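The structure file query31.tsv is reproduced below (TSV, C-alpha atoms).
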chain	number	residue	atom	x	y	z
H	906	HIS	CA	101.12	92.25	104.42
H	907	THR	CA	102.41	94.27	101.49
H	908	ASP	CA	105.93	93.62	100.22
H	909	SER	CA	106.49	91.38	103.29
H	910	ILE	CA	105.68	94.23	105.73
H	911	LEU	CA	102.58	94.38	107.91
H	912	ASP	CA	100.15	96.73	106.17
H	913	THR	CA	96.96	96.46	108.20
H	914	THR	CA	95.58	94.49	111.08
H	915	GLY	CA	92.12	94.32	112.57
H	916	CYS	CA	90.10	93.21	115.52
H	917	PRO	CA	88.07	91.13	115.71
H	918	ALA	CA	89.73	88.91	113.13
H	919	SER	CA	87.56	88.03	110.17
H	920	LEU	CA	88.33	84.33	110.42
H	921	PRO	CA	86.15	81.26	110.95
H	922	ALA	CA	85.82	80.13	114.57
H	923	GLY	CA	87.72	76.92	113.82
H	924	THR	CA	90.70	78.81	112.42
H	925	LEU	CA	90.71	81.15	115.43
H	926	ALA	CA	90.74	78.13	117.75
H	927	VAL	CA	93.73	76.65	115.88
H	928	VAL	CA	95.59	79.99	116.01
H	929	ARG	CA	95.05	80.25	119.76
H	930	GLU	CA	96.08	76.62	120.33
H	931	VAL	CA	99.25	76.96	118.24
H	932	ALA	CA	100.25	80.28	119.87
H	933	LEU	CA	99.77	78.88	123.37
H	934	GLY	CA	101.65	75.72	122.41
H	935	VAL	CA	104.60	77.73	121.10
H	936	ALA	CA	104.72	79.90	124.24
H	937	GLN	CA	104.56	76.85	126.49
H	938	SER	CA	107.18	74.89	124.56
H	939	LEU	CA	109.56	77.87	124.67
H	940	ASP	CA	108.79	78.34	128.37
H	941	ILE	CA	108.00	82.01	127.77
H	942	GLU	CA	107.45	84.21	130.81
H	943	GLY	CA	106.31	87.55	129.50
H	944	LEU	CA	105.01	88.68	126.18
H	945	LEU	CA	105.15	86.66	122.97
H	946	THR	CA	103.67	87.89	119.73
H	947	VAL	CA	102.94	85.09	117.29
H	948	GLU	CA	102.18	86.44	113.83
H	949	PHE	CA	100.40	84.06	111.45
H	950	PHE	CA	99.62	83.70	107.79
H	951	ILE	CA	96.47	81.86	106.80
H	952	ASP	CA	97.09	79.29	104.06
H	953	LYS	CA	93.90	78.65	102.12
H	954	ASP	CA	94.18	75.40	100.21
H	955	LYS	CA	91.31	75.83	97.79
H	956	SER	CA	91.71	72.33	96.33
H	957	LYS	CA	90.78	70.76	99.70
H	958	GLY	CA	88.49	73.53	100.92
H	959	GLN	CA	90.63	73.85	104.06
H	960	SER	CA	92.68	76.59	105.59
H	961	GLY	CA	95.74	76.13	107.75
H	962	VAL	CA	97.88	78.44	109.79
H	963	LEU	CA	101.53	79.20	109.22
H	964	ILE	CA	103.69	80.99	111.75
H	965	ASN	CA	105.29	84.02	110.12
H	966	GLU	CA	107.15	85.51	113.06
H	967	LEU	CA	107.77	85.14	116.79
H	968	ALA	CA	108.57	88.27	118.79
H	969	PRO	CA	109.19	88.02	122.57
H	970	ARG	CA	108.42	91.74	122.98
H	971	PRO	CA	105.80	94.34	122.08
H	972	HIS	CA	105.27	94.12	118.35
H	973	ASN	CA	103.82	96.29	115.60
H	974	SER	CA	101.02	93.81	114.99
H	975	GLY	CA	99.88	94.42	118.59
H	976	HIS	CA	99.91	98.23	118.54
H	977	LEU	CA	96.16	98.12	117.95
H	978	SER	CA	95.80	96.93	121.56
H	979	VAL	CA	96.62	100.44	122.85
H	980	SER	CA	93.48	101.94	121.29
H	981	ALA	CA	91.07	99.02	121.13
H	982	PHE	CA	91.46	97.23	124.51
H	983	ASN	CA	91.34	98.05	128.19
H	984	LEU	CA	94.83	96.53	128.54
H	985	SER	CA	97.49	96.96	125.87
H	986	GLN	CA	100.45	94.74	125.09
H	987	TYR	CA	102.54	97.26	127.06
H	988	ASP	CA	100.24	97.08	130.09
H	989	LEU	CA	100.45	93.29	130.11
H	990	LEU	CA	104.23	93.28	129.79
H	991	ALA	CA	104.49	95.75	132.69
H	992	ARG	CA	102.29	93.46	134.80
H	993	VAL	CA	104.57	90.50	134.08
H	994	LEU	CA	107.73	92.49	134.86
H	995	LEU	CA	106.26	93.87	138.09
H	996	ASP	CA	104.81	90.50	139.11
H	997	LEU	CA	101.27	91.92	139.13
H	998	PRO	CA	98.20	89.78	138.44
H	999	LEU	CA	97.42	89.28	134.77
H	1000	ALA	CA	93.97	89.92	133.37
H	1001	GLU	CA	92.34	89.07	130.08
H	1002	PRO	CA	92.29	92.13	127.78
H	1003	GLU	CA	88.78	93.18	126.78
H	1004	PRO	CA	87.70	95.29	123.80
H	1005	ILE	CA	86.66	98.81	124.83
H	1006	SER	CA	83.50	98.58	122.70
H	1007	THR	CA	81.55	96.26	120.44
H	1008	ASP	CA	82.91	98.14	117.41
H	1009	SER	CA	85.61	96.72	115.21
H	1010	PHE	CA	89.06	98.33	115.00
H	1011	ALA	CA	91.75	98.38	112.34
H	1012	MET	CA	95.31	99.64	112.26
H	1013	ALA	CA	97.15	100.78	109.14
H	1014	ASN	CA	100.90	101.25	109.14
H	1015	ILE	CA	102.22	104.55	107.83
H	1016	MET	CA	105.24	103.82	105.70
H	1017	GLY	CA	107.92	106.27	104.64
H	1018	ASP	CA	106.60	106.00	101.08
H	1019	LEU	CA	103.75	108.37	102.03
H	1020	TYR	CA	106.29	111.13	102.57
H	1021	PHE	CA	107.42	111.07	98.94
H	1022	ASP	CA	106.00	112.40	95.67
H	1023	GLY	CA	108.12	110.40	93.30
H	1024	GLU	CA	111.57	111.16	94.66
H	1025	ALA	CA	110.65	114.53	96.24
H	1026	LEU	CA	110.06	114.63	99.99
H	1027	LYS	CA	106.67	116.00	101.04
H	1028	GLY	CA	104.65	116.40	104.21
H	1029	LEU	CA	101.57	114.57	105.43
H	1030	ASP	CA	98.10	116.11	105.18
H	1031	MET	CA	96.88	115.81	108.78
H	1032	SER	CA	93.60	117.57	107.89
H	1033	ALA	CA	92.55	114.28	106.30
H	1034	LEU	CA	92.03	112.88	109.80
H	1035	SER	CA	89.11	115.23	110.46
H	1036	LYS	CA	87.42	114.38	107.15
H	1037	GLN	CA	86.88	110.68	107.81
H	1038	PRO	CA	84.54	109.34	110.48
H	1039	GLY	CA	85.98	106.53	112.54
H	1040	PHE	CA	89.39	108.05	113.27
H	1041	VAL	CA	90.64	106.91	116.70
H	1042	ASP	CA	94.38	107.53	116.99
H	1043	LEU	CA	97.53	108.49	115.11
H	1044	VAL	CA	100.98	107.57	116.38
H	1045	LEU	CA	104.08	108.87	114.63
H	1046	TYR	CA	107.25	107.19	115.85
H	1047	GLY	CA	109.44	110.30	115.82
H	1048	LYS	CA	111.90	108.95	113.27
H	1049	SER	CA	113.87	111.86	111.84
H	1050	GLU	CA	114.25	110.58	108.30
H	1051	PRO	CA	111.43	109.11	106.22
H	1052	ARG	CA	112.60	106.31	103.95
H	1053	LYS	CA	110.62	104.15	101.59
H	1054	ALA	CA	109.51	100.86	103.20
H	1055	ARG	CA	110.26	102.23	106.73
H	1056	LYS	CA	107.53	102.20	109.35
H	1057	MET	CA	107.01	105.82	110.38
H	1058	GLY	CA	103.87	105.33	112.46
H	1059	HIS	CA	100.39	103.89	112.44
H	1060	LEU	CA	96.79	104.98	112.71
H	1061	VAL	CA	93.75	103.31	114.20
H	1062	ALA	CA	90.17	103.51	112.98
H	1063	ARG	CA	86.90	102.00	114.10
H	1064	GLY	CA	83.76	100.82	112.36
H	1065	LYS	CA	80.67	98.76	112.97
H	1066	THR	CA	82.20	95.77	111.13
H	1067	PRO	CA	85.78	94.60	110.56
H	1068	GLY	CA	85.46	95.52	106.88
H	1069	GLU	CA	84.21	99.02	107.69
H	1070	ALA	CA	87.05	99.62	110.16
H	1071	LEU	CA	89.62	98.40	107.64
H	1072	SER	CA	88.18	100.58	104.86
H	1073	CYS	CA	88.23	103.57	107.18
H	1074	ALA	CA	91.87	102.96	108.20
H	1075	ARG	CA	92.95	102.67	104.57
H	1076	ALA	CA	91.00	105.82	103.58
H	1077	LEU	CA	92.56	107.76	106.44
H	1078	ARG	CA	96.05	106.65	105.48
H	1079	ASP	CA	95.44	107.42	101.80
H	1080	GLY	CA	94.21	110.89	102.78
H	1081	LEU	CA	97.48	111.65	104.55
H	1082	SER	CA	99.47	111.30	101.34
H	1083	PHE	CA	98.18	114.34	99.43
H	1084	ALA	CA	100.14	117.22	101.00
H	1085	ARG	CA	102.86	118.80	98.91
H	1086	THR	CA	105.77	120.85	100.17
H	1087	ASN	CA	106.50	124.25	98.67
H	1088	GLY	CA	109.82	124.78	96.94

What do you get writing this file as structure tokens?
Amino acid sequence: HTDSILDTTGCPASLPAGTLAVVREVALGVAQSLDIEGLLTVEFFIDKDKSKGQSGVLINELAPRPHNSGHLSVSAFNLSQYDLLARVLLDLPLAEPEPISTDSFAMANIMGDLYFDGEALKGLDMSALSKQPGFVDLVLYGKSEPRKARKMGHLVARGKTPGEALSCARALRDGLSFARTNG
């Protein structure tokens, strides 16, 4: 998160197995206690208490709908959050989503800030996408007016490791911000 807005997300998560087990247990417990039938996104923060050498999980947000933190599922899995919601709504059998490869994936949100040079509106440099290996997908949300701190889209990158995928996603996003408008 940056300024309380999701900045990047990645898969697989770079968390210890024990923390992943707790996250899964808590998310399932929340869904069961709320008697959710459908899709529930549970977004967590990891609280690292360095004095005790432990890390805990804190729920940041619950969203009973497709959510920005799950957009990565469209490019990185055989079934996306949208596919699974459609299956629930149509009473079709559910299946466990599986990664489409052994690579790691990362998503970086594209905020309205990228469209500005100071206060002047500018364009995005789409040529940057061809300059960086690992580019998978770019989704612009079709919002007519860029505003600072507004999600305008996202991009997805892949790499051999979670860190490589995340670095690639950030480099791709940074590369988009260099175009200048004339006039």

Best match for closeness to Val928 in chain H among H:Cys916, H:Ile910, H:Val947, H:Leu984, counting all atoms listed in the file: H:Val947

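Here the question is which of H:Arg992, H:Arg1052, H:Lys1027, H:Arg1063 gets nearest to Phe1040 in chain H using all atoms listed in the file, and that residue is H:Arg1063.
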
Interatomic distance, CA of Asn973 in chain H to CA of Asp1030 in chain H (Å, one decimal): 23.1 Å

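Taking only C-alpha atoms into account, Ser985 in chain H lies nearest to H:Pro971 out of the set H:Pro971, H:Gly934, H:Gly1080, H:Pro917.
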
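Between Glu966 in chain H and the residues H:Ser1006, H:Ser1032, H:Thr946, H:Ser978, the shortest atom-to-atom distance, using only C-alpha atoms, involves H:Thr946.
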
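Near (112.4, 113.2, 106.0), the residues that fall inside 12 Å on the basis of all atoms listed in the file are Met1016, Gly1017, Asp1018, Leu1019, Tyr1020, Phe1021, Glu1024, Ala1025, Leu1026, Lys1027, Gly1028, Leu1029, Gly1047, Lys1048, Ser1049, Glu1050, Pro1051, Arg1052, Lys1053, Arg1055, Met1057 and Thr1086 of chain H.
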
Spatial neighbours of Ile1015 in chain H, max dist 9 Å, all atoms listed in the file, sep filter under 4 positions, as a PyMOL selection string: chain H and resi 912+1019+1045+1055-1060+1078

Which of H:Leu944, H:Cys1073, H:Leu920, H:Ala1013 sits closest to Asp988 in chain H [using only C-alpha atoms]: H:Leu944

Residue nearest Leu925 in chain H among H:Asp908, H:Ile941, H:Phe949, H:Pro998 (counting only C-alpha atoms):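 Closest residue, counting only C-alpha atoms: H:Phe949.
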